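Student: File input21.pdb follows (PDB, C-alpha atoms and all ligand atoms):
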ATOM      1  CA  MET A 127      12.309  10.075  10.186
ATOM      2  CA  GLU A 128      10.889   7.810   7.577
ATOM      3  CA  SER A 129       8.860   9.259   4.796
ATOM      4  CA  TYR A 130       6.897   7.267   2.279
ATOM      5  CA  HIS A 131       4.966   8.117  -0.775
ATOM      6  CA  CYS A 132       2.077   6.247  -2.255
ATOM      7  CA  PRO A 133       3.124   3.488  -4.690
ATOM      8  CA  ARG A 134       0.126   4.230  -6.847
ATOM      9  CA  CYS A 135      -0.127   7.987  -7.112
ATOM     10  CA  ALA A 136       3.297   8.845  -5.714
ATOM     11  CA  GLY A 137       1.614  11.351  -3.454
ATOM     12  CA  ARG A 138       2.741  12.243  -0.005
ATOM     13  CA  ASN A 139      -0.690  12.292   1.545
ATOM     14  CA  VAL A 140       0.120   9.119   3.400
ATOM     15  CA  GLY A 141      -0.608   8.179   6.961
ATOM     16  CA  ARG A 142       0.846   5.400   9.021
ATOM     17  CA  VAL A 143      -1.653   2.788  10.176
ATOM     18  CA  GLY A 144       0.673   0.178  11.563
ATOM     19  CA  SER A 145       4.133  -1.257  11.525
ATOM     20  CA  GLY A 146       5.212  -0.918   7.948
ATOM     21  CA  GLN A 147       1.659  -0.212   6.886
ATOM     22  CA  PHE A 148       0.430   3.014   5.412
ATOM     23  CA  TYR A 149      -2.696   4.519   3.998
ATOM     24  CA  CYS A 150      -3.022   6.870   1.081
ATOM     25  CA  TRP A 151      -5.720   9.413   1.558
ATOM     26  CA  ASP A 152      -5.729  10.222  -2.131
ATOM     27  CA  CYS A 153      -6.217   6.700  -3.481
ATOM     28  CA  PHE A 154      -7.916   5.289  -0.370
ATOM     29  CA  ILE A 155      -5.649   2.326  -0.462
ATOM     30  CA  GLU A 156      -3.521   0.763   2.185
ATOM     31  CA  PHE A 157      -0.045  -0.387   1.414
ATOM     32  CA  ALA A 158       2.565  -2.342   3.270
ATOM     33  CA  VAL A 159       6.244  -1.794   2.825
ATOM     34  CA  SER A 160       8.649  -4.649   3.338
ATOM     35  CA  TRP A 161      12.003  -5.784   2.067
ATOM     36  CA  ARG A 162      10.165  -7.583  -0.732
ATOM     37  CA  GLY A 163       8.642  -4.384  -1.970
ATOM     38  CA  VAL A 164       5.281  -2.807  -1.656
ATOM     39  CA  ARG A 165       1.941  -4.528  -1.438
ATOM     40  CA  MET A 166      -1.223  -2.584  -2.033
ATOM     41  CA  TYR A 167      -4.602  -3.331  -0.567
ATOM     42  CA  GLN A 168      -8.015  -1.968  -1.142
ATOM     43  CA  VAL A 169     -10.022  -1.371   1.987
ATOM     44  CA  GLY A 170     -13.578  -2.595   1.749
ATOM     45  CA  ILE A 171     -16.522  -0.993   3.428
ATOM     46  CA  ASP A 172     -16.373  -3.652   6.104
ATOM     47  CA  GLY A 173     -12.720  -2.924   6.678
ATOM     48  CA  GLU A 174     -11.594  -6.021   4.878
ATOM     49  CA  LEU A 175      -8.399  -5.704   2.906
ATOM     50  CA  SER A 176      -8.156  -7.090  -0.569
ATOM     51  CA  ARG A 177      -4.915  -7.350  -2.398
ATOM     52  CA  ILE A 178      -4.329  -5.135  -5.373
ATOM     53  CA  ASP A 179      -2.048  -6.511  -8.002
ATOM     54  CA  GLY A 180       0.655  -3.947  -8.082
ATOM     55  CA  GLU A 181       3.399  -3.262 -10.484
ATOM     56  CA  SER A 182       6.022  -3.001  -7.800
ATOM     57  CA  GLY A 183       7.073  -5.577  -5.307
ATOM     58  CA  VAL A 184       5.473  -8.526  -6.981
ATOM     59  CA  GLU A 185       6.760 -11.496  -5.071
ATOM     60  CA  GLY A 186       6.844 -14.364  -7.463
ATOM     61  CA  VAL A 187       3.102 -14.446  -7.997
ATOM     62  CA  SER A 188       2.689 -14.271 -11.726
ATOM     63  CA  THR A 189      -0.489 -13.374 -13.517
TER      64      THR A 189
HETATM   65 ZN    ZN A 201      -2.090   7.355  -3.550
END
Using structure tokens, write down the structure that the file contains.
Tutor:
Amino acid sequence: MESYHCPRCAGRNVGRVGSGQFYCWDCFIEFAVSWRGVRMYQVGIDGELSRIDGESGVEGVST
């Protein structure tokens, strides 16, 4: 059984929303886990995801 914690708050209040995608109920962010690392997204009121520049799993996109 896989268990993930939030990349932002390191909390365990995380729910799975898709394949490799999770949602933190504490930060209200969605994050996707892949072999590259972790990407974080902010969920807008219209359900649109916007990328959060995270400290972990940055994939060659600099500043
Ligand atoms: Zn969190």
Student: Expanded to explicit residues, what is the PyMOL selection byres (((chain A and resi 154) around 10) and not hetatm) for this file, as a ChimeraX atom specification?
Tutor: /A:140,149-153,155-157,167-170
Student: For ligand ZN 201 (chain A), which residue among A:Ser129, A:Arg177, A:Val159, A:Arg138 is the nearest when counting all atoms listed in the file?
Tutor: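 Looking only at the distances to ligand ZN 201 (chain A), the closest residue turns out to be A:Arg138.
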Student: If you take every atom of region 171-178 of chain A that the file lists and fit an axis-aligned box around them with 8 Å extra on each side, what centre and edge lengths come out in Å to one decimal, as JSON?
Tutor:
{"center_x": -10.4, "center_y": -4.2, "center_z": 0.7, "size_x": 28.2, "size_y": 22.4, "size_z": 28.1}
Student: Which is closer to ligand ZN 201 (chain A) than all the others in A:Tyr130, A:Ser160, A:Gly137, A:Arg165, using all atoms listed in the file?
Tutor: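 Selected residue with least distance to ligand ZN 201 (chain A): A:Gly137.
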Student: Compare A:Ala158, A:Val164, A:Ile178, A:Ile171 by their minimum atom-to-atom distance to Gly144 (chain A), counting all atoms listed in the file, and give me the closest one.
Tutor: A:Ala158
Student: What is the distance, in Å and to one decimal place, between CA of Met166 (chain A) and CA of Asp179 (chain A)?
Tutor: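 Atom-to-atom, CA of Met166 (chain A) and CA of Asp179 (chain A) are spaced 7.2 Å apart.
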Student: Choose the residue, out of A:Pro133, A:Gly146, A:Gly173, A:Gly141, that has the smallest atom-to-atom separation from ligand ZN 201 (chain A); count only C-alpha atoms and all ligand atoms.
Tutor: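 Once distances to ligand ZN 201 (chain A) are computed over only C-alpha atoms and all ligand atoms, the minimum belongs to A:Pro133.
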